[in-house]
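Below you'll find the structure, written out as structure tokens, and then a few comments.
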Amino acid sequence: MKNLTFEQFNMEPNFRTVKLKVGQIFGNAKLFKEAVREYAIKQGRSIWFPCNEKSQVQGVCKCKLDSCPWLVWASCYEKNSTTLMIKTLNDKHTCPRVQKNRLTNFAWLAKRYMEALRLRKEFKMFDFLGKVQKDYVCQPSKAQVYRAKRKIGLIIEGSLTTQYAKLWDYVE
Ligand SMILES: [Zn+2]
């Protein structure tokens, strides 16, 4: 890419706040959704994608009240490119944080904490749960954390790199 004046989005590896901005660009739709997902979990919001294509993605807030105006829309940065740019963002939620976020499923947990658990072979369930709660101020179920830990264990033991690549397919 040449003459990029827009900010390229970088996923923070250390779980700091994800900031979304108009003009931010993403290598492809998958990376964009990954960032929005990260944002949503951090913010304690349940966001979904009613429009989900390679060339354009729209994310909206899926709260129980159904009236939250939060919205993000990204589409092709230039013709015949997979790069997406955030064109619209209404970053104000009128909904409360959700405690149990359906986005924090086992596949997301496994993907997000793979490296941390790879480095620490003896990671107890309780520690794992505590770390997720601290990083994201969210409360995934014990069953999700257990499944994630088990999945990570299997991948690490078997060095199943193809399995690792497949994790995002579950997340999708
Ligand atoms: Zn909302």
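Here, A, B, ... name the chains of the structure tokens in the order displayed, residue numbers run from 1 inside each chain, and ligands are numbered from 1 in the same displayed order.
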
> Quick one: DSSP strand (DSSP E or B) residues in range 75-123 of chain A, as a list in words?
Replying inline: Ser75, Cys76, Leu84, Met85, Ile86, Lys87, Thr88, Leu89 and Asn90 of chain A

Can I get the selected residues back with C-alpha atoms, as a PDB file, in the first residue's frame?
```pdb
ATOM      1  CA  SER A  75     -16.002  -0.908   3.552  1.00  0.00           C
ATOM      2  CA  CYS A  76     -13.387  -1.204   0.813  1.00  0.00           C
ATOM      3  CA  LEU A  84     -11.386  -2.094   4.788  1.00  0.00           C
ATOM      4  CA  MET A  85     -11.676   1.351   6.268  1.00  0.00           C
ATOM      5  CA  ILE A  86     -14.023   2.487   9.007  1.00  0.00           C
ATOM      6  CA  LYS A  87     -16.396   4.925   7.314  1.00  0.00           C
ATOM      7  CA  THR A  88     -19.036   5.314  10.017  1.00  0.00           C
ATOM      8  CA  LEU A  89     -18.787   4.982  13.764  1.00  0.00           C
ATOM      9  CA  ASN A  90     -21.325   5.894  16.397  1.00  0.00           C
TER      10      ASN A  90
END
```

>> Please find the residues contacting ligand 1 at a distance of at most 9 Å between atoms, with only C-alpha atoms and all ligand atoms counted, and report them as a PyMOL selection string.
In response: chain A and resi 45-47+60-63+66-71+91-97

> Residues at most 12 Å from Ile41 in chain A, counting only C-alpha atoms, excluding those fewer than 6 positions away in the same chain, as a VMD selection string?
Replying inline: chain A and resid 15 to 18 34 to 35 47 to 48 61 97 to 105 108 to 109 112 132 to 133 135 to 140

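We find CA of Lys30 in chain A and CA of Val72 in chain A to be spaced 14.5 Å apart.
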
>> Report, in Å with one decimal, the straight-line distance from CA of Ala29 in chain A to CA of Ala74 in chain A.
In response: 8.5 Å

> Near Arg118 in chain A, counting only C-alpha atoms, which residues have an atom at most 12 Å away, once you skip same-chain residues fewer than 4 positions from it, shown as a ChimeraX atom specification?
Replying inline: /A:110-114,122-123,149,151-157,159

C-alpha atoms of the current selection, written as a PDB file, in the first residue's frame:
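Done, and the output landed in part08.pdb:
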```
ATOM      1  CA  ALA A 110      -8.395 -20.489  23.159  1.00  0.00           C
ATOM      2  CA  LYS A 111      -7.143 -18.200  20.412  1.00  0.00           C
ATOM      3  CA  ARG A 112      -6.635 -15.214  22.689  1.00  0.00           C
ATOM      4  CA  TYR A 113      -4.841 -17.094  25.465  1.00  0.00           C
ATOM      5  CA  MET A 114      -2.921 -19.623  23.426  1.00  0.00           C
ATOM      6  CA  GLU A 122       0.956 -25.253  34.705  1.00  0.00           C
ATOM      7  CA  PHE A 123      -1.890 -22.842  34.282  1.00  0.00           C
ATOM      8  CA  LYS A 149      -7.991 -24.784  28.248  1.00  0.00           C
ATOM      9  CA  LYS A 151      -8.344 -27.252  23.423  1.00  0.00           C
ATOM     10  CA  ILE A 152      -5.151 -25.299  24.036  1.00  0.00           C
ATOM     11  CA  GLY A 153      -3.663 -28.276  25.863  1.00  0.00           C
ATOM     12  CA  LEU A 154      -4.403 -30.567  22.936  1.00  0.00           C
ATOM     13  CA  ILE A 155      -2.961 -28.123  20.436  1.00  0.00           C
ATOM     14  CA  ILE A 156       0.207 -27.556  22.474  1.00  0.00           C
ATOM     15  CA  GLU A 157       0.762 -31.260  23.106  1.00  0.00           C
ATOM     16  CA  SER A 159       1.677 -29.032  18.010  1.00  0.00           C
TER      17      SER A 159
END
```

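Using only C-alpha atoms, the shortest contact distance between Val36 in chain A and any of A:Val57, A:Ala143, A:Cys51, A:Leu117 is found at A:Val57.
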
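Taking only C-alpha atoms into account, Lys79 in chain A lies nearest to A:Ser55 out of the set A:Ser55, A:Gly27, A:Gln43, A:Val145.
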
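If you look at CA of Asn80 in chain A and CA of Val22 in chain A, they are 20.8 Å away from each other.
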
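Among the candidate residues A:Lys54, A:Lys42, A:Lys19, A:Arg150, the one lying nearest to Ala107 in chain A is A:Arg150, with distances computed using only C-alpha atoms.
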